[in-house]
Each structure stands twice: as structure tokens, then as C-alpha cells.
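S.K.: Compact mmCIF, C-alpha atoms and all ligand atoms, file final_18.txt:
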```
# COMPACT_ATOMS: atom_id res chain seq x y z
CA MET L 547 0.00 0.00 0.00
CA LYS L 548 1.05 3.63 -0.37
CA LEU L 549 0.96 6.46 2.12
CA ARG L 550 -0.09 9.97 1.10
CA ASN L 551 3.58 11.07 1.13
CA GLY L 552 4.38 8.40 -1.49
CA ASN L 553 6.16 6.00 0.89
CA GLU L 554 5.32 2.33 0.56
CA ILE L 555 4.00 0.38 3.54
CA PRO L 556 3.84 -3.44 3.53
CA ASP L 557 0.26 -4.74 3.19
CA ILE L 558 0.17 -6.53 6.53
CA GLY L 559 1.83 -5.66 9.84
CA PHE L 560 2.90 -7.80 12.76
CA GLY L 561 1.36 -6.75 16.12
CA THR L 562 3.38 -6.82 19.34
CA TRP L 563 1.02 -5.71 22.11
CA LYS L 564 1.21 -8.13 25.06
CA THR L 565 4.29 -9.81 23.61
CA PRO L 566 6.59 -10.26 26.62
CA ASN L 567 9.92 -8.39 26.67
CA ASP L 568 12.03 -11.57 26.63
CA GLU L 569 12.94 -14.58 24.45
CA ILE L 570 9.32 -14.75 23.34
CA ALA L 571 9.62 -11.38 21.59
CA LEU L 572 12.89 -12.41 19.94
CA LYS L 573 11.41 -15.65 18.65
CA ALA L 574 8.09 -14.13 17.56
CA VAL L 575 9.72 -11.35 15.51
CA GLN L 576 12.26 -13.73 13.96
CA CYS L 577 9.47 -16.12 13.07
CA ALA L 578 7.47 -13.27 11.54
CA ILE L 579 10.46 -12.18 9.44
CA ASP L 580 11.07 -15.77 8.32
CA CYS L 581 7.40 -16.02 7.29
CA GLY L 582 7.72 -12.85 5.21
CA TYR L 583 6.42 -10.01 7.38
CA ARG L 584 8.39 -6.81 6.87
CA HIS L 585 6.23 -4.50 8.94
CA ILE L 586 6.28 -4.52 12.75
CA ASP L 587 3.83 -2.54 14.86
CA GLY L 588 5.16 -1.48 18.26
CA ALA L 589 4.66 1.17 20.92
CA TYR L 590 6.37 2.60 23.98
CA ILE L 591 3.51 1.41 26.20
CA TYR L 592 3.88 -2.24 25.10
CA LYS L 593 6.95 -2.29 27.38
CA ASN L 594 8.85 -4.56 25.02
CA GLU L 595 10.79 -2.07 22.90
CA GLU L 596 14.11 -3.44 24.09
CA MET L 597 13.56 -7.01 22.87
CA ILE L 598 11.54 -6.07 19.80
CA GLY L 599 14.38 -3.70 18.87
CA LYS L 600 16.97 -6.41 19.43
CA ALA L 601 15.00 -8.84 17.29
CA ILE L 602 14.75 -6.28 14.50
CA ARG L 603 18.46 -5.49 14.62
CA ASN L 604 19.43 -9.17 14.53
CA CYS L 605 16.84 -10.50 12.09
CA GLY L 606 19.16 -10.63 9.09
CA ILE L 607 17.08 -8.29 6.94
CA LYS L 608 18.42 -4.86 5.99
CA ARG L 609 16.86 -2.03 7.96
CA GLU L 610 15.64 -0.29 4.79
CA GLU L 611 13.63 -3.38 3.86
CA LEU L 612 11.73 -3.23 7.13
CA PHE L 613 8.87 -0.96 8.14
CA ILE L 614 8.84 -0.19 11.86
CA THR L 615 6.05 1.68 13.64
CA ASN L 616 6.14 3.16 17.13
CA LYS L 617 3.70 5.37 19.09
CA VAL L 618 3.96 8.22 21.56
CA TRP L 619 2.09 7.33 24.74
CA ASN L 620 -0.49 9.46 26.58
CA SER L 621 1.88 10.48 29.38
CA GLN L 622 4.30 11.79 26.73
CA ARG L 623 1.94 14.24 24.99
CA GLY L 624 2.94 17.84 24.31
CA TYR L 625 5.60 19.35 22.05
CA GLN L 626 8.83 18.84 23.95
CA SER L 627 7.93 15.59 25.63
CA THR L 628 6.83 14.00 22.35
CA LEU L 629 10.24 14.77 20.84
CA GLN L 630 11.92 13.36 23.96
CA ALA L 631 9.72 10.26 23.83
CA LEU L 632 10.69 9.65 20.23
CA ASP L 633 14.41 9.90 21.01
CA ARG L 634 13.96 7.60 23.97
CA SER L 635 12.08 4.95 21.98
CA LEU L 636 14.66 5.06 19.18
CA GLU L 637 17.43 4.64 21.72
CA THR L 638 15.71 1.78 23.57
CA MET L 639 15.13 -0.05 20.30
CA GLY L 640 18.62 0.73 18.99
CA LEU L 641 17.26 2.24 15.77
CA ASP L 642 18.07 5.46 13.86
CA TYR L 643 14.55 6.16 12.62
CA PHE L 644 10.98 4.85 12.59
CA ASP L 645 9.09 4.34 9.35
CA LEU L 646 5.92 5.50 11.04
CA TYR L 647 5.32 7.31 14.33
CA LEU L 648 1.79 7.66 15.71
CA ILE L 649 0.02 9.59 18.46
CA HIS L 650 -1.38 6.60 20.39
CA TRP L 651 -4.58 8.29 21.68
CA PRO L 652 -6.00 11.80 21.36
CA ALA L 653 -6.05 14.02 24.45
CA ASN L 654 -9.50 14.65 25.99
CA SER L 655 -11.18 17.16 28.28
CA LEU L 656 -11.22 14.79 31.27
CA MET L 657 -7.44 14.95 31.34
CA TYR L 658 -6.67 18.45 30.04
CA GLU L 659 -8.17 21.91 30.27
CA ASN L 660 -7.42 22.47 26.59
CA PRO L 661 -7.14 19.08 24.87
CA VAL L 662 -7.26 20.63 21.39
CA GLU L 663 -4.12 22.62 22.14
CA VAL L 664 -2.42 19.49 23.53
CA ASN L 665 -3.27 17.53 20.39
CA ARG L 666 -2.00 20.37 18.19
CA GLN L 667 1.26 20.67 20.11
CA THR L 668 1.81 16.92 20.00
CA TRP L 669 1.08 16.93 16.28
CA GLN L 670 3.49 19.86 15.72
CA ALA L 671 6.21 17.75 17.33
CA MET L 672 5.34 14.91 14.95
CA ILE L 673 5.63 17.28 11.98
CA ASP L 674 9.00 18.54 13.17
CA ALA L 675 10.31 15.02 13.80
CA TYR L 676 9.20 14.11 10.26
CA LYS L 677 10.98 17.12 8.79
CA GLN L 678 14.13 16.19 10.70
CA GLY L 679 13.99 12.68 9.18
CA LYS L 680 13.73 10.84 12.50
CA VAL L 681 10.46 9.37 11.26
CA LYS L 682 9.61 8.66 7.63
CA ALA L 683 5.85 9.05 8.07
CA ILE L 684 3.51 10.30 10.79
CA GLY L 685 -0.02 9.52 11.86
CA VAL L 686 -2.46 9.04 14.68
CA SER L 687 -4.33 6.23 16.38
CA ASN L 688 -7.78 6.02 17.92
CA PHE L 689 -8.68 9.41 16.43
CA ARG L 690 -12.34 10.05 15.60
CA ILE L 691 -13.40 12.66 13.05
CA HIS L 692 -13.53 15.53 15.56
CA HIS L 693 -9.99 14.73 16.75
CA LEU L 694 -8.69 14.63 13.19
CA GLU L 695 -10.37 17.95 12.46
CA GLN L 696 -8.40 19.55 15.28
CA ILE L 697 -5.20 19.16 13.23
CA MET L 698 -6.34 19.06 9.61
CA ASP L 699 -5.41 22.73 9.04
CA MET L 700 -1.78 22.13 10.06
CA GLU L 701 1.16 22.02 7.67
CA ILE L 702 1.12 18.23 7.29
CA ILE L 703 -1.93 16.05 7.89
CA PRO L 704 -1.82 12.49 9.25
CA MET L 705 -0.81 9.78 6.80
CA VAL L 706 -2.31 6.97 8.90
CA ASN L 707 -5.08 6.45 11.46
CA GLN L 708 -4.71 3.16 13.33
CA ILE L 709 -8.07 2.12 14.81
CA LYS L 710 -9.83 -0.95 16.15
CA TYR L 711 -11.42 -2.63 13.13
CA HIS L 712 -12.64 -6.13 12.41
CA PRO L 713 -15.70 -7.86 10.91
CA GLY L 714 -18.60 -6.56 12.97
CA LEU L 715 -16.74 -3.39 14.04
CA LEU L 716 -16.35 -1.21 10.96
CA GLN L 717 -16.25 2.34 12.39
CA LYS L 718 -17.70 3.47 9.07
CA GLU L 719 -17.81 7.23 9.70
CA VAL L 720 -14.17 7.64 10.60
CA VAL L 721 -13.07 5.15 7.92
CA ASP L 722 -14.98 7.07 5.22
CA TYR L 723 -13.51 10.36 6.45
CA CYS L 724 -9.98 8.92 6.33
CA LYS L 725 -10.48 7.52 2.83
CA GLU L 726 -11.83 10.88 1.59
CA ASN L 727 -8.72 12.56 2.96
CA ASP L 728 -6.25 9.93 1.74
CA ILE L 729 -5.37 8.83 5.27
CA LEU L 730 -4.56 5.11 5.34
CA VAL L 731 -6.56 3.16 7.93
CA GLU L 732 -4.76 0.41 9.84
CA ALA L 733 -6.83 -2.24 11.64
CA TYR L 734 -5.76 -3.16 15.15
CA SER L 735 -7.30 -6.15 16.94
CA PRO L 736 -8.26 -7.48 13.46
CA LEU L 737 -9.26 -10.82 15.02
CA ALA L 738 -11.08 -9.09 17.89
CA ARG L 739 -8.31 -10.61 20.02
CA SER L 740 -9.44 -14.03 18.72
CA ALA L 741 -13.08 -13.57 19.85
CA LEU L 742 -14.22 -13.73 16.20
CA LEU L 743 -12.65 -17.06 15.43
CA ASP L 744 -15.58 -19.19 16.56
CA ASN L 745 -18.20 -17.09 14.76
CA ASP L 746 -20.50 -19.32 12.67
CA ILE L 747 -20.52 -17.24 9.49
CA ILE L 748 -16.76 -16.75 9.54
CA ASN L 749 -16.30 -20.50 10.02
CA GLU L 750 -18.70 -21.26 7.18
CA LEU L 751 -16.72 -18.97 4.87
CA ALA L 752 -13.45 -20.48 6.06
CA GLN L 753 -14.70 -23.90 4.95
CA LYS L 754 -15.95 -22.55 1.64
CA TYR L 755 -12.61 -20.89 0.76
CA HIS L 756 -10.46 -23.65 2.31
CA LYS L 757 -8.96 -21.06 4.65
CA THR L 758 -9.00 -20.50 8.40
CA PRO L 759 -11.34 -18.12 10.28
CA SER L 760 -8.39 -15.83 10.99
CA GLN L 761 -7.50 -15.66 7.29
CA ILE L 762 -11.11 -14.78 6.42
CA CYS L 763 -11.04 -11.86 8.90
CA LEU L 764 -7.69 -10.56 7.66
CA ARG L 765 -8.53 -10.95 3.97
CA TYR L 766 -11.86 -9.18 4.49
CA ILE L 767 -10.03 -6.23 6.07
CA TYR L 768 -7.46 -6.15 3.28
CA GLN L 769 -10.16 -6.23 0.58
CA ASN L 770 -11.64 -3.15 2.27
CA ASP L 771 -8.31 -1.37 1.58
CA ILE L 772 -7.46 -1.40 5.26
CA LEU L 773 -4.14 -2.65 6.56
CA PRO L 774 -4.46 -5.50 9.09
CA LEU L 775 -2.12 -5.80 12.09
CA PRO L 776 -2.57 -9.31 13.56
CA LYS L 777 -0.57 -10.24 16.65
CA SER L 778 0.61 -13.69 17.63
CA VAL L 779 3.53 -15.30 19.42
CA THR L 780 2.61 -18.75 18.07
CA PRO L 781 4.67 -19.81 15.01
CA SER L 782 1.83 -21.66 13.24
CA ARG L 783 -0.50 -18.69 13.69
CA ILE L 784 2.15 -16.17 12.62
CA GLN L 785 2.49 -18.16 9.37
CA GLU L 786 -1.27 -18.63 8.99
CA ASN L 787 -1.98 -14.91 9.39
CA ILE L 788 0.23 -13.82 6.49
CA ASN L 789 -1.17 -16.38 4.04
CA ILE L 790 -4.03 -14.19 2.87
CA PHE L 791 -2.79 -13.06 -0.53
CA ASP L 792 -3.67 -16.15 -2.57
CA PHE L 793 -7.47 -15.99 -2.54
CA GLU L 794 -10.30 -13.54 -2.89
CA ILE L 795 -13.57 -13.34 -0.98
CA GLY L 796 -16.46 -12.94 -3.45
CA LYS L 797 -18.79 -9.93 -3.42
CA ALA L 798 -21.77 -11.75 -1.89
CA ASP L 799 -19.61 -13.08 0.93
CA MET L 800 -18.06 -9.64 1.51
CA ASP L 801 -21.64 -8.35 1.83
CA ARG L 802 -22.41 -11.03 4.43
CA LEU L 803 -19.33 -10.03 6.39
CA ASP L 804 -20.29 -6.35 6.09
CA ALA L 805 -23.59 -7.20 7.74
CA LEU L 806 -22.10 -9.34 10.50
CA LYS L 807 -23.35 -8.53 13.99
CA VAL L 808 -20.97 -9.36 16.83
CA ASP L 809 -20.44 -8.15 20.36
CA TYR L 810 -17.43 -5.90 20.54
CA GLU L 811 -15.61 -3.60 22.92
CA LEU L 812 -14.64 -0.12 21.82
CA GLN L 813 -12.93 2.35 24.12
CA ASP L 814 -14.24 5.92 23.71
CA PRO L 815 -11.15 8.16 23.52
CA ASP L 816 -13.10 11.03 25.08
CA THR L 817 -13.90 9.14 28.28
CA MET L 818 -10.49 7.57 28.89
CA GLU L 819 -8.81 8.79 32.04
CA ARG L 820 -5.24 8.08 31.07
N1 LIG W 901 -3.23 1.60 18.53
C1 LIG W 901 -3.81 0.96 19.52
O1 LIG W 901 -4.41 1.56 20.43
C2 LIG W 901 -3.74 -0.52 19.54
C3 LIG W 901 -4.56 -1.25 20.45
C4 LIG W 901 -4.50 -2.64 20.42
C5 LIG W 901 -3.65 -3.28 19.52
N2 LIG W 901 -2.84 -2.56 18.68
C6 LIG W 901 -1.90 -3.23 17.73
O2 LIG W 901 -2.62 -4.18 16.94
C7 LIG W 901 -2.06 -5.49 17.16
C8 LIG W 901 -3.11 -6.57 17.06
O3 LIG W 901 -4.17 -6.35 17.96
P1 LIG W 901 -4.42 -7.29 19.23
O4 LIG W 901 -3.13 -7.82 19.69
O5 LIG W 901 -5.26 -6.50 20.18
O6 LIG W 901 -5.40 -8.42 18.71
P2 LIG W 901 -5.53 -9.51 17.54
O7 LIG W 901 -4.37 -9.47 16.60
O8 LIG W 901 -6.91 -9.34 17.02
O9 LIG W 901 -5.51 -10.87 18.37
C9 LIG W 901 -4.39 -11.35 19.03
C10 LIG W 901 -4.80 -12.60 19.80
O10 LIG W 901 -5.30 -13.60 18.89
C11 LIG W 901 -4.51 -14.78 18.97
N3 LIG W 901 -4.30 -15.23 17.58
C12 LIG W 901 -3.57 -14.62 16.63
N4 LIG W 901 -3.63 -15.29 15.47
C13 LIG W 901 -4.43 -16.34 15.69
C14 LIG W 901 -4.85 -17.41 14.87
N5 LIG W 901 -4.47 -17.50 13.60
N6 LIG W 901 -5.68 -18.35 15.42
C15 LIG W 901 -6.07 -18.26 16.71
N7 LIG W 901 -5.69 -17.26 17.54
C16 LIG W 901 -4.87 -16.31 17.03
C17 LIG W 901 -3.21 -14.37 19.65
O11 LIG W 901 -2.71 -15.44 20.43
P3 LIG W 901 -1.14 -15.84 20.55
O12 LIG W 901 -0.32 -14.58 20.52
O13 LIG W 901 -1.10 -16.53 21.88
O14 LIG W 901 -0.85 -16.75 19.40
C18 LIG W 901 -3.68 -13.23 20.56
O15 LIG W 901 -4.22 -13.75 21.75
C19 LIG W 901 -1.44 -5.34 18.56
O16 LIG W 901 -0.55 -6.40 18.87
C20 LIG W 901 -0.80 -3.99 18.45
O17 LIG W 901 0.38 -4.05 17.69
C21 LIG W 901 -2.89 -1.19 18.68
```
Please, can you express the file's structure as C-alpha cells?

M.R.:
Amino acid sequence: MKLRNGNEIPDIGFGTWKTPNDEIALKAVQCAIDCGYRHIDGAYIYKNEEMIGKAIRNCGIKREELFITNKVWNSQRGYQSTLQALDRSLETMGLDYFDLYLIHWPANSLMYENPVEVNRQTWQAMIDAYKQGKVKAIGVSNFRIHHLEQIMDMEIIPMVNQIKYHPGLLQKEVVDYCKENDILVEAYSPLARSALLDNDIINELAQKYHKTPSQICLRYIYQNDILPLPKSVTPSRIQENINIFDFEIGKADMDRLDALKVDYELQDPDTMER
């Protein structure tokens, strides 16, 4: 896929939330690289930057062939502290730059007197880091339309919005807004943290296409021009989750998935007290 600044971003990313900061991270990332992933999604708050960084440095693939994402955490918002957070994450991971740096969550009025100003200052730091070349692309995460609109008049607009997205949770309004503004949407929790994998319709389609329920979810997301970020530390699942580029879900089945009703959890960024 392509970002609005022309940079390429690999079609699927490897999630690392809840991956422990030990041998497990080293093995999971190496397995992902061996299976063909070139895009790793990380964050300061995942508390595993050290081992994920080590795995990336030692994986045997040239840095320029990899696409590494990191995110500035809520306690690091604001102009100066965002720039400091970026330097700190780069140092912890032992890297010279990130391919993509995101604001993890927008600021809200429960936490700040003037959240709009906080979001704008944080975004200004992202712009400046981008201009300095410390990050090759910049974006946001968990932003709804009104959060995006707080920064859309600034010199550079987000290239990515990473949101929770899976069959049954389509966040249509914000997705449409992003597509209209050429902001790539990335899907986190694309398997609903595995809650979707015993869904009857998804299992029926898995049988029909000779694929697994996970592959149906990820392929559906990809066919909606959204970039899936599945996480696993299990080698067979890491391999399974990238094998989604050799089949196509037909229109009628895409329509069935569009209409899927499932229970889901979605954190409202405006009511989060952190
Ligand atoms: N920006 C944000 O606020 C935000 C929030 C959440 C997540 N994310 C990013 O998005 C990534 C993915 O989201 P997520 O970790 O919440 O959820 P997910 O990818 O939907 O699900 C991960 C869970 O599903 C299991 N799993 C993975 N593949 C499977 C398969 N083929 N069959 C059966 N089970 C499978 C994993 O188990 P094992 O690992 O035990 O195999 C893990 O428990 C995160 O790791 C992170 O990088 C971002």
C-alpha cells in the first residue's frame, strides 16, 4: 500500500502488544520475518521495545527493507515531551529512525483543560520530527473525526489512522472520512483478540474458501483497503496470518461479512482517564 507522502507500507503488519519483553519477543519477531512479514507494529507502552528492537536489529534483513512503527504514549503528549519520547524509543530499540510514528490516543477534556491545544502541540512535534527525518511518516491512532479535524489545518496532515477494526466493528464514519482525505486506515485487533474465530458465518466462509477463520477476517479487512495488524507469538498462527494473498472473498460473501453482527468492545477516547 502507499501512504499519502508516497512511501510504501507493507500490506500486513505484525502486532506486538502483550508480547513479553524476553525470548518470546525475539522468537516471535524472527518467526514473523522468516514467514515474510516486513512491517512490525510497536509502541512505547507495550513495554517490550528493548527485545523487539533487538529482534529487529538481529533478524538478518536490511533495515531499509523493514517498516517499523512506534507510538507516543499518553503520558508523553505535548511538544517537547513527544520529541523526547521519540528519542527515547529510538534509543531503547537501537534504531536510527521509525518508518511511522503515531500519536497513540487523542487528548480529551477529562485529562486536560485544553485538549485541542495538547493535540495540536503533540502533532506539531510529529511534523518537526518528520521534517528532521527521524520518522519517515507520521499519523495518529484512535482518532475520531472531531480529533482529526483539530489538526487538519496544520502544515502536514496524518498519513495513517490506526483504529480498532474487524468484521462486525467497521467504524464506518471515521473510515470514510480517512479515505476521503487519503489517510490510510490500519486495523488493530483485526481478530477481535481471537473472539471472532468461533463465529459461525466466519467458520462457514473459512470452509468454503479452504482457509481459516483468521484468514477470512484478515482478507476481508485487506479487501476493504485497510491494513491488518494481527498479533501472535505462536509460530503456526504467525504463518497462517500472512497467508491471505492467494485468494479472494467474493462480493456476496463480503456483503455477508459487512452485515455481520458481533459483540465488541470499543474504548471511547473522550472518556479515557489516562
Ligand atoms: N493503537 C492501539 O491503540 C492498539 C490497540 C491494540 C492493539 N494494537 C496493535 O494491533 C495489534 C493486534 O491487535 P491485538 O493484539 O489487540 O489483537 P488480535 O491481533 O486481534 O488478536 C491477538 C490474539 O489472537 C490470537 N491469535 C492470533 N492469530 C491467531 C490465529 N491465527 N488463530 C487463533 N488465535 C490467534 C493471539 O494469540 P497468541 O499470541 O497466543 O498466538 C492473541 O491472543 C497489537 O498487537 C498492536 O500491535 C494497537

S.K.: What is the CA of Asn688 (chain L) to CA of Ile598 (chain L) distance in Å?

M.R.: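 The value is 22.9 Å.
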
S.K.: Rank nothing, just name the residue among L:Ile762, L:Ile684, L:Leu730, L:Cys581 nearest to ligand LIG 901 (chain W), using all atoms listed in the file.

M.R.: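 Closest to ligand LIG 901 (chain W) of all the choices is L:Ile762.
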
S.K.: Show me which residues line ligand LIG 901 (chain W), defined as having an atom within 8 Å of a ligand atom where only C-alpha atoms and all ligand atoms count, and present them as a PyMOL selection string.

M.R.: chain L and resi 560-565+586-589+617+650-651+687-688+708-710+733-741+743+758-761+775-784+786-787

S.K.: Can you list, as number ranges by chain, every protein, DNA or RNA residue that comes within 8 Å of region 629-638 of chain L when you count all atoms listed in the file, leaving out same-chain residues fewer than 5 positions away?

M.R.: L: 590, 595-596, 599, 616, 618, 622, 643-644, 671-672, 675

S.K.: Go ahead and dump the residues you just picked, C-alpha atoms, as a compact mmCIF listing (two decimals), keeping the file's coordinate frame.

M.R.:
```txt
# COMPACT_ATOMS: atom_id res chain seq x y z
CA TYR L 590 6.37 2.60 23.98
CA GLU L 595 10.79 -2.07 22.90
CA GLU L 596 14.11 -3.44 24.09
CA GLY L 599 14.38 -3.70 18.87
CA ASN L 616 6.14 3.16 17.13
CA VAL L 618 3.96 8.22 21.56
CA GLN L 622 4.30 11.79 26.73
CA TYR L 643 14.55 6.16 12.62
CA PHE L 644 10.98 4.85 12.59
CA ALA L 671 6.21 17.75 17.33
CA MET L 672 5.34 14.91 14.95
CA ALA L 675 10.31 15.02 13.80
```

S.K.: Quick one: residues within 8 Å of region 603-610 of chain L, only C-alpha atoms, excluding same-chain residues fewer than 6 positions away - as a ChimeraX atom specification?

M.R.: /L:575-576,579,640-641

S.K.: Of the residues L:Lys807, L:His693, L:Lys754, L:Lys573, which is the one nearest to Asn665 (chain L), using only C-alpha atoms?

M.R.: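 Comparing L:Lys807, L:His693, L:Lys754, L:Lys573 against Asn665 (chain L), the winner is L:His693.
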
S.K.: Here is a test: counting only C-alpha atoms, which residue of L:Asp642, L:Glu569, L:Asp814, L:Asp809 is nearest to Arg690 (chain L)?

M.R.: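 For Arg690 (chain L), the nearest of the candidates is L:Asp814.
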
S.K.: Using all atoms listed in the file, which residues sit within 12 Å of Met698 (chain L) once same-chain residues fewer than 2 positions away are excluded, as a ChimeraX atom specification?

M.R.: /L:662,665-666,669-670,685-686,691-696,700-705,723-724,727,729

S.K.: Neighbours of Gly552 (chain L) within 10 Å (all atoms listed in the file; same-chain residues fewer than 4 positions away dropped), as a list in words?

M.R.: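 With the cut-off at 10 Å, the set is Met547, Lys548, Ala683 and Met705 of chain L.
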
S.K.: Give the answer as one residue: which of L:Asp728, L:Asp568, L:Glu554, L:Glu611 has the shortest atom-to-atom distance to Asn594 (chain L), using only C-alpha atoms?

M.R.: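 For Asn594 (chain L), the nearest of the candidates is L:Asp568.
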
S.K.: So how many Å separate CA of Asn707 (chain L) and CA of Leu764 (chain L), to one decimal?

M.R.: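 That distance, rounded to one decimal, is 17.6 Å.
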
S.K.: Excluding Gly582 (chain L) and residues on its chain fewer than 5 positions from it, collect all residues at most 10 Å away from it, counting all atoms listed in the file, and give them as a list in words.

M.R.: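 Once the nearby chain positions are removed, what remains is Ile558, Gln576, Cys577, Ile784, Gln785, Ile788 and Asn789 of chain L.
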
S.K.: Using only C-alpha atoms, which of L:Ile673, L:Ala805, L:Leu715, L:Ala578 sits nearest Gly559 (chain L)?

M.R.: L:Ala578
